[in-house]
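Asks: The structure file start.cif (mmCIF, C-alpha atoms) is provided below.
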```
data_data
loop_
_atom_site.label_atom_id
_atom_site.label_comp_id
_atom_site.auth_asym_id
_atom_site.auth_seq_id
_atom_site.Cartn_x
_atom_site.Cartn_y
_atom_site.Cartn_z
CA MET P 1 6.77 -24.56 -11.67
CA SER P 2 7.47 -20.89 -11.04
CA LYS P 3 10.50 -20.03 -8.92
CA THR P 4 8.49 -17.23 -7.36
CA LEU P 5 4.84 -18.29 -7.05
CA PHE P 6 5.34 -20.11 -3.76
CA THR P 7 7.90 -17.77 -2.22
CA PRO P 8 7.04 -15.35 0.64
CA PHE P 9 5.96 -11.77 0.11
CA SER P 10 5.78 -8.94 2.65
CA CYS P 11 4.24 -5.47 2.58
CA ARG P 12 3.65 -3.10 5.49
CA GLY P 13 3.10 -5.68 8.22
CA LEU P 14 1.49 -8.25 5.92
CA ASP P 15 3.57 -11.41 5.56
CA LEU P 16 2.32 -13.92 3.00
CA PRO P 17 3.64 -17.46 2.47
CA ASN P 18 3.21 -17.23 -1.31
CA ARG P 19 2.06 -14.98 -4.17
CA ILE P 20 -1.44 -16.37 -4.74
CA VAL P 21 -4.39 -14.08 -3.99
CA MET P 22 -8.02 -15.09 -4.04
CA ALA P 23 -9.66 -12.48 -6.25
CA PRO P 24 -12.84 -10.80 -4.98
CA MET P 25 -15.91 -12.43 -6.49
CA THR P 26 -19.50 -11.41 -5.76
CA ARG P 27 -21.40 -14.43 -4.47
CA SER P 28 -24.71 -13.06 -3.05
CA PHE P 29 -24.98 -15.70 -0.34
CA SER P 30 -25.44 -13.29 2.60
CA PRO P 31 -29.19 -12.82 3.23
CA GLU P 32 -29.97 -9.24 4.34
CA GLY P 33 -26.26 -8.54 3.94
CA ILE P 34 -25.16 -10.78 6.82
CA PRO P 35 -22.51 -13.47 6.14
CA GLY P 36 -23.20 -16.80 7.85
CA GLU P 37 -21.12 -19.79 8.80
CA ASP P 38 -21.31 -21.06 5.22
CA VAL P 39 -19.46 -17.93 4.10
CA ALA P 40 -16.87 -18.43 6.86
CA ALA P 41 -16.34 -22.03 5.76
CA TYR P 42 -16.08 -21.00 2.09
CA TYR P 43 -13.18 -18.65 2.79
CA GLY P 44 -11.58 -20.91 5.39
CA ARG P 45 -11.51 -23.81 2.93
CA ARG P 46 -9.36 -21.82 0.51
CA ALA P 47 -7.16 -20.39 3.24
CA GLY P 48 -6.35 -23.95 4.26
CA ALA P 49 -5.41 -24.91 0.70
CA ASP P 50 -2.42 -22.64 0.07
CA VAL P 51 -4.10 -19.35 -0.90
CA GLY P 52 -1.71 -16.70 0.40
CA LEU P 53 -4.16 -13.80 0.69
CA ILE P 54 -7.94 -13.85 0.45
CA VAL P 55 -9.61 -10.69 -0.81
CA THR P 56 -13.28 -11.06 -0.01
CA GLU P 57 -16.18 -10.46 -2.30
CA GLY P 58 -17.22 -6.81 -2.45
CA THR P 59 -18.56 -5.69 0.94
CA VAL P 60 -20.83 -2.69 1.20
CA VAL P 61 -19.93 0.44 3.15
CA ASP P 62 -22.52 2.21 5.30
CA ARG P 63 -23.91 4.67 2.76
CA PRO P 64 -27.65 3.91 2.20
CA ALA P 65 -27.30 3.53 -1.57
CA ALA P 66 -23.99 1.64 -1.51
CA GLY P 67 -25.39 -1.82 -2.25
CA ASN P 68 -27.24 -3.04 -5.33
CA ASP P 69 -28.20 -6.52 -4.06
CA PRO P 70 -29.61 -7.35 -0.60
CA LYS P 71 -27.70 -10.65 -0.57
CA VAL P 72 -24.33 -8.94 -1.01
CA PRO P 73 -22.62 -8.65 2.42
CA LEU P 74 -22.52 -5.41 4.35
CA PHE P 75 -19.39 -4.34 6.20
CA HIS P 76 -21.03 -2.51 9.05
CA GLY P 77 -23.66 -2.91 11.75
CA PRO P 78 -25.35 -6.32 12.01
CA ALA P 79 -22.96 -7.93 9.53
CA LEU P 80 -19.82 -7.41 11.64
CA PRO P 81 -20.23 -10.48 13.90
CA GLY P 82 -20.47 -12.62 10.76
CA TRP P 83 -17.26 -11.13 9.43
CA ARG P 84 -15.54 -11.83 12.74
CA SER P 85 -16.44 -15.48 12.21
CA VAL P 86 -14.95 -15.32 8.71
CA VAL P 87 -11.71 -13.87 10.08
CA LYS P 88 -11.58 -16.58 12.75
CA SER P 89 -12.09 -19.28 10.12
CA VAL P 90 -9.38 -17.94 7.81
CA HIS P 91 -6.86 -17.34 10.58
CA ALA P 92 -7.48 -20.80 12.03
CA GLU P 93 -6.21 -22.18 8.71
CA GLY P 94 -3.15 -19.92 8.78
CA GLY P 95 -4.53 -17.62 6.10
CA LYS P 96 -4.61 -13.85 5.64
CA ILE P 97 -7.70 -11.87 4.66
CA ALA P 98 -8.67 -8.41 3.41
CA PRO P 99 -12.20 -7.12 2.83
CA GLN P 100 -12.92 -5.42 -0.45
CA LEU P 101 -14.75 -2.21 0.46
CA TRP P 102 -17.36 -1.30 -2.13
CA HIS P 103 -19.92 1.24 -3.22
CA THR P 104 -21.81 0.11 -6.32
CA GLY P 105 -22.67 3.61 -7.57
CA MET P 106 -25.13 3.89 -10.43
CA THR P 107 -25.37 0.13 -10.88
CA LYS P 108 -27.94 0.31 -8.08
CA LYS P 109 -31.36 0.54 -9.66
CA VAL P 110 -34.53 2.00 -8.16
CA GLY P 111 -36.08 -0.53 -5.78
CA ALA P 112 -32.90 -2.61 -5.49
CA GLY P 113 -30.28 -3.13 -2.82
CA HIS P 114 -30.34 -3.15 0.97
CA ASN P 115 -32.24 0.16 1.02
CA PRO P 116 -34.54 0.05 -2.04
CA ASP P 117 -35.81 3.61 -1.62
CA ALA P 118 -32.35 5.19 -1.52
CA PRO P 119 -31.46 6.96 -4.79
CA ALA P 120 -28.20 5.89 -6.41
CA ASP P 121 -25.04 7.89 -5.76
CA SER P 122 -22.95 9.01 -8.71
CA PRO P 123 -20.41 11.76 -9.44
CA SER P 124 -22.59 13.73 -11.84
CA GLY P 125 -25.94 11.97 -11.88
CA ILE P 126 -25.46 10.85 -15.48
CA THR P 127 -25.28 7.38 -16.96
CA HIS P 128 -22.49 6.20 -19.24
CA THR P 129 -24.75 7.10 -22.16
CA GLY P 130 -24.99 10.72 -21.02
CA LYS P 131 -28.51 10.59 -19.64
CA GLN P 132 -29.15 12.73 -16.55
CA VAL P 133 -31.04 10.55 -14.09
CA ALA P 134 -30.04 11.86 -10.64
CA PRO P 135 -28.81 15.02 -8.94
CA VAL P 136 -25.10 15.75 -8.68
CA LEU P 137 -23.62 14.74 -5.34
CA SER P 138 -22.75 17.74 -3.19
CA GLU P 139 -19.24 18.03 -1.77
CA SER P 140 -20.63 17.27 1.68
CA GLU P 141 -22.24 14.08 0.32
CA VAL P 142 -18.95 13.08 -1.28
CA ALA P 143 -17.23 13.66 2.06
CA ASP P 144 -19.83 11.42 3.74
CA ILE P 145 -19.06 8.63 1.27
CA VAL P 146 -15.33 9.02 1.93
CA ALA P 147 -16.04 8.72 5.65
CA SER P 148 -18.13 5.59 5.08
CA PHE P 149 -15.13 3.83 3.55
CA ALA P 150 -12.96 4.90 6.48
CA ARG P 151 -15.47 3.59 9.00
CA SER P 152 -15.50 0.19 7.31
CA ALA P 153 -11.70 0.21 7.20
CA GLY P 154 -11.74 0.80 10.93
CA HIS P 155 -14.03 -2.20 11.42
CA ALA P 156 -11.56 -4.35 9.47
CA LYS P 157 -8.71 -3.21 11.68
CA GLU P 158 -10.68 -3.78 14.86
CA MET P 159 -11.63 -7.36 13.99
CA GLY P 160 -8.09 -8.33 13.06
CA MET P 161 -8.16 -8.42 9.28
CA ASP P 162 -4.77 -8.24 7.61
CA ALA P 163 -5.28 -5.58 4.90
CA ILE P 164 -8.08 -3.73 3.12
CA GLU P 165 -8.87 -3.32 -0.54
CA ILE P 166 -10.76 -0.36 -2.01
CA HIS P 167 -12.84 -1.30 -5.07
CA GLY P 168 -12.01 1.30 -7.69
CA ALA P 169 -12.69 -0.77 -10.79
CA HIS P 170 -15.32 -2.04 -13.24
CA GLY P 171 -17.64 0.97 -13.42
CA TYR P 172 -18.72 1.15 -9.76
CA LEU P 173 -18.73 4.41 -7.80
CA VAL P 174 -15.01 5.03 -7.30
CA ASP P 175 -14.39 4.13 -10.95
CA GLU P 176 -17.28 6.35 -12.02
CA PHE P 177 -15.32 9.25 -10.53
CA PHE P 178 -12.28 8.17 -12.61
CA TRP P 179 -14.25 7.93 -15.85
CA GLY P 180 -14.75 11.20 -17.72
CA VAL P 181 -17.86 9.81 -19.37
CA MET P 182 -19.65 9.72 -16.00
CA ASN P 183 -17.70 12.37 -14.07
CA GLN P 184 -18.33 15.81 -15.49
CA ARG P 185 -18.02 17.69 -12.21
CA GLU P 186 -16.53 21.18 -12.13
CA ASP P 187 -15.20 21.08 -8.56
CA LYS P 188 -12.02 19.45 -7.20
CA TYR P 189 -13.39 15.98 -7.96
CA GLY P 190 -13.74 16.66 -11.69
CA GLY P 191 -11.43 17.81 -14.46
CA ASP P 192 -8.66 15.78 -16.07
CA LEU P 193 -7.85 12.19 -15.17
CA LYS P 194 -5.42 13.15 -12.42
CA ASP P 195 -8.02 15.43 -10.83
CA ARG P 196 -10.70 12.75 -11.12
CA ALA P 197 -8.48 10.56 -8.94
CA THR P 198 -8.95 12.98 -6.01
CA PHE P 199 -11.98 11.14 -4.60
CA ALA P 200 -10.09 7.84 -4.33
CA ALA P 201 -7.05 9.61 -2.90
CA GLU P 202 -9.21 11.05 -0.13
CA ILE P 203 -10.60 7.58 0.60
CA ILE P 204 -7.05 6.19 0.84
CA ARG P 205 -5.96 8.95 3.22
CA GLU P 206 -8.97 8.58 5.50
CA CYS P 207 -8.66 4.79 5.50
CA ARG P 208 -5.02 5.16 6.52
CA LYS P 209 -6.12 7.17 9.55
CA ALA P 210 -8.55 4.37 10.41
CA VAL P 211 -6.18 1.40 10.02
CA GLY P 212 -2.89 2.92 11.18
CA GLU P 213 0.58 2.47 9.78
CA ASP P 214 0.95 -1.32 9.96
CA MET P 215 -1.88 -2.45 7.68
CA PRO P 216 -1.66 -2.40 3.86
CA ILE P 217 -4.17 -0.54 1.72
CA ILE P 218 -4.79 -2.02 -1.73
CA LEU P 219 -6.57 -0.20 -4.56
CA ARG P 220 -8.17 -2.19 -7.35
CA PHE P 221 -8.55 -0.34 -10.64
CA SER P 222 -9.27 -1.19 -14.26
CA GLN P 223 -9.33 0.40 -17.67
CA TRP P 224 -12.42 -1.56 -18.77
CA LYS P 225 -15.91 -1.01 -17.34
CA GLN P 226 -18.85 -3.36 -17.11
CA GLN P 227 -20.75 -0.66 -19.03
CA ASP P 228 -18.07 -0.57 -21.76
CA TYR P 229 -15.45 -3.31 -22.09
CA THR P 230 -13.39 -1.14 -24.47
CA ALA P 231 -13.20 1.92 -22.17
CA ARG P 232 -9.76 3.25 -21.27
CA LEU P 233 -8.86 5.77 -18.60
CA ALA P 234 -5.26 6.18 -19.77
CA GLU P 235 -4.26 5.91 -23.42
CA THR P 236 -0.50 6.20 -22.79
CA PRO P 237 2.01 5.12 -20.15
CA ASP P 238 2.60 8.76 -19.22
CA ALA P 239 -1.12 9.28 -18.55
CA LEU P 240 -1.29 6.07 -16.52
CA GLY P 241 1.75 7.12 -14.49
CA GLU P 242 0.26 10.52 -13.64
CA PHE P 243 -3.02 8.87 -12.63
CA LEU P 244 -1.42 6.25 -10.40
CA SER P 245 0.94 8.77 -8.81
CA VAL P 246 -2.07 10.31 -7.07
CA PHE P 247 -2.68 7.08 -5.16
CA VAL P 248 0.99 6.55 -4.36
CA ASP P 249 1.16 10.08 -2.94
CA ALA P 250 -1.97 9.33 -0.89
CA GLY P 251 -0.26 6.29 0.64
CA VAL P 252 -1.55 3.24 -1.23
CA ASP P 253 0.57 0.12 -0.67
CA MET P 254 -0.46 -2.14 -3.55
CA LEU P 255 -2.26 -1.79 -6.86
CA HIS P 256 -4.62 -4.56 -7.96
CA CYS P 257 -4.69 -4.20 -11.74
CA SER P 258 -7.77 -5.75 -13.34
CA GLN P 259 -7.71 -6.91 -16.94
CA ARG P 260 -10.10 -9.20 -18.75
CA ARG P 261 -7.08 -11.28 -19.87
CA TYR P 262 -3.85 -10.84 -17.92
CA TRP P 263 -1.67 -11.91 -20.88
CA GLU P 264 -2.69 -9.00 -23.12
CA PRO P 265 -0.25 -6.07 -23.51
CA GLU P 266 -1.57 -2.81 -22.11
CA PHE P 267 0.14 -0.46 -24.58
CA GLU P 268 1.62 -0.91 -28.05
CA GLY P 269 5.34 -1.48 -28.23
CA SER P 270 5.62 -3.51 -25.02
CA ASP P 271 4.54 -6.92 -23.77
CA LEU P 272 3.91 -5.57 -20.26
CA ASN P 273 0.38 -6.07 -18.98
CA LEU P 274 -1.46 -3.52 -16.84
CA ALA P 275 0.12 -4.72 -13.59
CA GLY P 276 3.52 -4.66 -15.24
CA TRP P 277 3.12 -1.07 -16.33
CA ALA P 278 1.72 -0.03 -12.95
CA LYS P 279 4.75 -1.51 -11.17
CA LYS P 280 7.21 0.00 -13.65
CA LEU P 281 5.65 3.47 -13.39
CA THR P 282 5.18 3.62 -9.62
CA GLY P 283 7.53 1.11 -7.98
CA VAL P 284 4.56 -0.06 -5.90
CA PRO P 285 3.88 -3.82 -5.64
CA THR P 286 1.17 -4.95 -8.03
CA ILE P 287 -1.34 -7.78 -8.30
CA THR P 288 -2.22 -9.10 -11.74
CA VAL P 289 -5.66 -10.54 -12.40
CA GLY P 290 -7.71 -11.57 -15.40
CA SER P 291 -8.74 -15.08 -16.42
CA VAL P 292 -5.88 -16.87 -14.66
CA GLY P 293 -6.44 -20.60 -15.11
CA LEU P 294 -9.24 -20.15 -17.64
CA ASN P 295 -9.27 -21.04 -21.31
CA GLY P 296 -10.45 -17.60 -22.41
CA ASP P 297 -11.72 -14.46 -20.80
CA PHE P 298 -14.18 -14.92 -17.96
CA PHE P 299 -17.14 -13.61 -19.94
CA GLY P 300 -16.81 -16.66 -22.14
CA ALA P 301 -16.36 -18.80 -19.04
CA PHE P 302 -19.60 -17.43 -17.61
CA ALA P 303 -21.38 -18.80 -20.64
CA GLY P 304 -19.68 -22.16 -20.20
CA GLN P 305 -17.44 -21.70 -23.23
CA GLY P 306 -14.10 -23.48 -23.33
CA SER P 307 -13.09 -26.57 -21.44
CA GLU P 308 -9.29 -26.51 -21.56
CA THR P 309 -7.41 -24.63 -18.85
CA ARG P 310 -4.93 -22.11 -20.23
CA GLY P 311 -1.36 -23.14 -19.46
CA LEU P 312 0.47 -21.36 -16.64
CA ASP P 313 3.95 -21.15 -18.18
CA ASP P 314 3.52 -17.59 -19.41
CA LEU P 315 2.22 -16.51 -16.00
CA TYR P 316 5.19 -18.15 -14.27
CA GLU P 317 7.66 -16.45 -16.60
CA ARG P 318 6.17 -13.00 -16.05
CA LEU P 319 6.11 -13.43 -12.28
CA ASP P 320 9.66 -14.81 -12.15
CA LYS P 321 11.08 -11.84 -14.05
CA GLY P 322 9.29 -9.40 -11.72
CA GLU P 323 6.66 -7.97 -14.04
CA PHE P 324 4.25 -8.05 -11.08
CA ASP P 325 4.39 -9.35 -7.50
CA LEU P 326 1.17 -11.27 -6.82
CA VAL P 327 -1.35 -13.25 -8.88
CA ALA P 328 -5.08 -13.07 -8.19
CA VAL P 329 -7.10 -16.13 -9.15
CA GLY P 330 -10.86 -15.81 -9.55
CA ARG P 331 -13.21 -18.27 -11.25
CA ALA P 332 -10.68 -21.10 -11.30
CA LEU P 333 -10.42 -20.89 -7.51
CA LEU P 334 -14.17 -20.53 -7.16
CA GLU P 335 -14.61 -23.77 -9.09
CA ASP P 336 -11.88 -25.63 -7.21
CA PRO P 337 -10.98 -24.48 -3.67
CA PHE P 338 -7.86 -26.66 -3.86
CA TRP P 339 -6.53 -25.01 -7.04
CA ALA P 340 -3.50 -23.42 -5.35
CA GLN P 341 -2.64 -26.60 -3.47
CA LYS P 342 -2.79 -28.66 -6.66
CA VAL P 343 -0.56 -26.17 -8.49
CA LYS P 344 1.92 -26.24 -5.60
CA ASP P 345 2.01 -30.04 -5.65
CA GLY P 346 2.39 -30.17 -9.44
CA LYS P 347 -0.96 -31.90 -9.87
CA LEU P 348 -2.05 -29.79 -12.84
CA ASP P 349 -3.86 -32.74 -14.37
CA GLU P 350 -6.25 -32.65 -11.38
CA LEU P 351 -7.32 -29.05 -11.90
CA LYS P 352 -11.02 -28.73 -12.58
CA ASP P 353 -12.36 -26.87 -15.58
CA TYR P 354 -14.46 -23.85 -14.72
CA ASP P 355 -18.21 -24.44 -14.91
CA ALA P 356 -20.60 -21.52 -14.49
CA ALA P 357 -22.84 -23.84 -12.44
CA SER P 358 -20.37 -23.35 -9.58
CA LEU P 359 -21.79 -19.84 -9.13
CA LYS P 360 -24.94 -21.44 -7.74
CA THR P 361 -23.18 -22.98 -4.76
CA LEU P 362 -20.94 -21.76 -1.95
CA TYR P 363 -18.45 -24.58 -1.80
#
```
Would you mind writing the file's structure down as structure tokens?

Replies:
Amino acid sequence: MSKTLFTPFSCRGLDLPNRIVMAPMTRSFSPEGIPGEDVAAYYGRRAGADVGLIVTEGTVVDRPAAGNDPKVPLFHGPALPGWRSVVKSVHAEGGKIAPQLWHTGMTKKVGAGHNPDAPADSPSGITHTGKQVAPVLSESEVADIVASFARSAGHAKEMGMDAIEIHGAHGYLVDEFFWGVMNQREDKYGGDLKDRATFAAEIIRECRKAVGEDMPIILRFSQWKQQDYTARLAETPDALGEFLSVFVDAGVDMLHCSQRRYWEPEFEGSDLNLAGWAKKLTGVPTITVGSVGLNGDFFGAFAGQGSETRGLDDLYERLDKGEFDLVAVGRALLEDPFWAQKVKDGKLDELKDYDAASLKTLY
């Protein structure tokens, strides 16, 4: 057992009983974008079973083209009462919760999403293959998107959520601004990697105004993209440090560092993973994530490959020596809502193997 995994953690008014985070996982169980009591029970069940912080599935901000699936939850308008029920459910179990605020960018296809007729938003209107398919967003449109994140952050504050997370990973809109392949703008939002971080920095600053000084802001980022698993924003530690410094200067409190496999080194010459490097370079608390509790990477798990859970000793060792501060658990916790409780009680032999069939239910 880790010396650290079940010790408290605090950050800007957020006090957690342990270091386990429920990773955001899209579920698509919210018809017309409205979460029901089944969603509230789903999150409450895990809050009551020793998950320190729940980061919700991606929730869509109030830009017409923000969502790519009408069953993905909104975080505005008619969906807010449903989210209040979720907060009540989680808090009743003694848990903490943060919404992941999301704009899906060019992954929204024509005819899809909550507003099928709305054209997709993207930094330059080009796909990752270089095809021009949409107009370039004007600076006023970019400002409107920034404001949409801040409005949703304000909703989270008003309903008593404990933190917010901005989704800046995996090839969605914020990450599209980071990625030079898709961001070829010539204004303040384009340029080198540090300049391409400007959009997210503005979101962080406006969200801070909306949530105040006593609520943490988390940014999730990744090197890899769903459009290209081998993509890299930063090829060196120096480049990564310059990139992340933009968010630290903007006031981010935690960095949620997404890898496909948390145990893989981020740069040659060091065993540190992405979260380890982010913490070393910035001093900001970091969350590691990537196939925790799975036999292989989660793409294999999606296909039902592998039946043996990867051991946790390496994870414990990294956490205990301070490589990162928190551990986000995704598919393993989706499969078994009592995963954290079983780990805490030393009942590792009772952990369930991940089965992709669990995606079809909201247990």

Asks: Between P:Val86, P:Val289, P:Val142, P:Val248, which is the closest to Tyr43 (chain P) once you count all atoms listed in the file?

Replies: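 For Tyr43 (chain P), the nearest of the given residues is P:Val86.
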
Asks: Would you kindly translate the PyMOL selection byres ((chain P and resi 240) around 12) into the concrete residues it picks from this file, as JSON, numbers by chain?

Replies: {"P": [178, 193, 194, 197, 221, 222, 223, 232, 233, 234, 235, 236, 237, 238, 239, 241, 242, 243, 244, 245, 246, 247, 257, 266, 267, 274, 275, 276, 277, 278, 279, 280, 281, 282]}

Asks: Just so the selection is clear, what residues does the PyMOL selection byres ((chain P and resi 125) around 12) cover here, as an MDAnalysis selection string?

Replies: chainID P and resid 105:107 119:124 126:138 173 176:177 181:185

Asks: I need the chosen residues saved as an mmCIF file, keeping the file's coordinate frame, with C-alpha atoms.

Replies:
```cif
data_model
loop_
_atom_site.group_PDB
_atom_site.id
_atom_site.type_symbol
_atom_site.label_atom_id
_atom_site.label_comp_id
_atom_site.auth_asym_id
_atom_site.auth_seq_id
_atom_site.Cartn_x
_atom_site.Cartn_y
_atom_site.Cartn_z
ATOM 1 C CA GLY P 105 -22.670 3.610 -7.570
ATOM 2 C CA MET P 106 -25.130 3.890 -10.430
ATOM 3 C CA THR P 107 -25.370 0.130 -10.880
ATOM 4 C CA PRO P 119 -31.460 6.960 -4.790
ATOM 5 C CA ALA P 120 -28.200 5.890 -6.410
ATOM 6 C CA ASP P 121 -25.040 7.890 -5.760
ATOM 7 C CA SER P 122 -22.950 9.010 -8.710
ATOM 8 C CA PRO P 123 -20.410 11.760 -9.440
ATOM 9 C CA SER P 124 -22.590 13.730 -11.840
ATOM 10 C CA ILE P 126 -25.460 10.850 -15.480
ATOM 11 C CA THR P 127 -25.280 7.380 -16.960
ATOM 12 C CA HIS P 128 -22.490 6.200 -19.240
ATOM 13 C CA THR P 129 -24.750 7.100 -22.160
ATOM 14 C CA GLY P 130 -24.990 10.720 -21.020
ATOM 15 C CA LYS P 131 -28.510 10.590 -19.640
ATOM 16 C CA GLN P 132 -29.150 12.730 -16.550
ATOM 17 C CA VAL P 133 -31.040 10.550 -14.090
ATOM 18 C CA ALA P 134 -30.040 11.860 -10.640
ATOM 19 C CA PRO P 135 -28.810 15.020 -8.940
ATOM 20 C CA VAL P 136 -25.100 15.750 -8.680
ATOM 21 C CA LEU P 137 -23.620 14.740 -5.340
ATOM 22 C CA SER P 138 -22.750 17.740 -3.190
ATOM 23 C CA LEU P 173 -18.730 4.410 -7.800
ATOM 24 C CA GLU P 176 -17.280 6.350 -12.020
ATOM 25 C CA PHE P 177 -15.320 9.250 -10.530
ATOM 26 C CA VAL P 181 -17.860 9.810 -19.370
ATOM 27 C CA MET P 182 -19.650 9.720 -16.000
ATOM 28 C CA ASN P 183 -17.700 12.370 -14.070
ATOM 29 C CA GLN P 184 -18.330 15.810 -15.490
ATOM 30 C CA ARG P 185 -18.020 17.690 -12.210
#
```

Asks: When the PyMOL selection byres ((chain P and resi 341) around 12) is applied to the structure above, which residues does it catch, written out as a list of chain:residue names?

Replies: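 So the PyMOL selection byres ((chain P and resi 341) around 12) ends up selecting P:Leu5, P:Phe6, P:Asn18, P:Ile20, P:Arg45, P:Arg46, P:Ala47, P:Gly48, P:Ala49, P:Asp50, P:Val51, P:Gly52, P:Leu333, P:Asp336, P:Pro337, P:Phe338, P:Trp339, P:Ala340, P:Lys342, P:Val343, P:Lys344, P:Asp345, P:Gly346, P:Lys347, P:Leu348, P:Glu350, P:Leu351.
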
Asks: So that I can check the surroundings of Leu53 (chain P), please list as a ChimeraX atom specification every protein, DNA and RNA residue that reaches within 6 Å of it, counting only C-alpha atoms and ignoring chain neighbours fewer than 6 positions away.

Replies: /P:21,96-97

Asks: Given the choices P:Ile287, P:Ile204, P:Ala41, P:Leu312, which gets closest to Ser2 (chain P) if the distance is worked out from only C-alpha atoms?

Replies: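 Checking each of P:Ile287, P:Ile204, P:Ala41, P:Leu312 against Ser2 (chain P), counting only C-alpha atoms, the winner is P:Leu312.
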
Asks: If I take CA of Trp224 (chain P) and CA of Ala357 (chain P), how far is one from the other in Å, to one decimal?

Replies: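 Pair CA of Trp224 (chain P) / CA of Ala357 (chain P) returns 25.4 Å.
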
Asks: Just the number, please: distance in Å from CA of Ala118 (chain P) to CA of Asn68 (chain P), one decimal.

Replies: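 Result for CA of Ala118 (chain P) versus CA of Asn68 (chain P): 10.4 Å, one decimal.
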
Asks: Given the point (-11.2, -20.2, -8.7) in the file's coordinates, find the residues that have an atom at most 10 Å from it, counting only C-alpha atoms, and give them as number ranges by chain.

Replies: P: 22-23, 25, 46, 291-294, 328-340, 352-354, 358

Asks: Using the selection just defined, write its residues with C-alpha atoms as a CSV table (one decimal), keeping the file's coordinate frame.

Replies:
```csv
chain,number,residue,atom,x,y,z
P,22,MET,CA,-8.0,-15.1,-4.0
P,23,ALA,CA,-9.7,-12.5,-6.2
P,25,MET,CA,-15.9,-12.4,-6.5
P,46,ARG,CA,-9.4,-21.8,0.5
P,291,SER,CA,-8.7,-15.1,-16.4
P,292,VAL,CA,-5.9,-16.9,-14.7
P,293,GLY,CA,-6.4,-20.6,-15.1
P,294,LEU,CA,-9.2,-20.2,-17.6
P,328,ALA,CA,-5.1,-13.1,-8.2
P,329,VAL,CA,-7.1,-16.1,-9.2
P,330,GLY,CA,-10.9,-15.8,-9.6
P,331,ARG,CA,-13.2,-18.3,-11.2
P,332,ALA,CA,-10.7,-21.1,-11.3
P,333,LEU,CA,-10.4,-20.9,-7.5
P,334,LEU,CA,-14.2,-20.5,-7.2
P,335,GLU,CA,-14.6,-23.8,-9.1
P,336,ASP,CA,-11.9,-25.6,-7.2
P,337,PRO,CA,-11.0,-24.5,-3.7
P,338,PHE,CA,-7.9,-26.7,-3.9
P,339,TRP,CA,-6.5,-25.0,-7.0
P,340,ALA,CA,-3.5,-23.4,-5.4
P,352,LYS,CA,-11.0,-28.7,-12.6
P,353,ASP,CA,-12.4,-26.9,-15.6
P,354,TYR,CA,-14.5,-23.8,-14.7
P,358,SER,CA,-20.4,-23.4,-9.6
```

Asks: How would you write as a VMD selection string the residues that get within 8 Å of (-23.1, -10.4, 6.3) in the file's frame, counting all atoms listed in the file?

Replies: chain P and resid 30 to 36 72 to 75 78 to 80 82 to 83

Asks: How many Å lie between CA of Ile218 (chain P) and CA of Tyr42 (chain P), rounded to one decimal?

Replies: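 CA of Tyr42 (chain P) lies 22.4 Å from CA of Ile218 (chain P).
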
Asks: Saving region 93-121 of chain P with C-alpha atoms, as a short mmCIF file (atom, residue, chain, number, x, y, z; two decimals), in the first residue's frame, what would that file be?

Replies:
```cif
data_model
loop_
_atom_site.label_atom_id
_atom_site.label_comp_id
_atom_site.auth_asym_id
_atom_site.auth_seq_id
_atom_site.Cartn_x
_atom_site.Cartn_y
_atom_site.Cartn_z
CA GLU P 93 -21.65 10.99 0.43
CA GLY P 94 -18.92 13.33 1.66
CA GLY P 95 -17.37 13.67 -1.79
CA LYS P 96 -15.96 16.58 -3.78
CA ILE P 97 -16.81 17.31 -7.42
CA ALA P 98 -15.58 19.42 -10.33
CA PRO P 99 -17.21 19.73 -13.75
CA GLN P 100 -15.00 19.33 -16.78
CA LEU P 101 -15.86 22.26 -19.05
CA TRP P 102 -15.65 21.31 -22.70
CA HIS P 103 -15.88 22.52 -26.27
CA THR P 104 -15.47 19.69 -28.77
CA GLY P 105 -14.15 21.85 -31.61
CA MET P 106 -13.84 20.25 -35.03
CA THR P 107 -14.87 16.82 -33.75
CA LYS P 108 -18.42 18.11 -34.19
CA LYS P 109 -19.63 17.01 -37.60
CA VAL P 110 -22.34 18.59 -39.73
CA GLY P 111 -25.75 17.52 -38.45
CA ALA P 112 -24.42 16.35 -35.07
CA GLY P 113 -24.56 17.67 -31.54
CA HIS P 114 -27.12 19.64 -29.56
CA ASN P 115 -27.43 22.19 -32.39
CA PRO P 116 -27.00 20.18 -35.61
CA ASP P 117 -27.05 23.21 -37.90
CA ALA P 118 -24.27 25.07 -36.07
CA PRO P 119 -20.96 24.94 -37.95
CA ALA P 120 -17.99 23.64 -36.00
CA ASP P 121 -15.65 26.08 -34.27
#
```
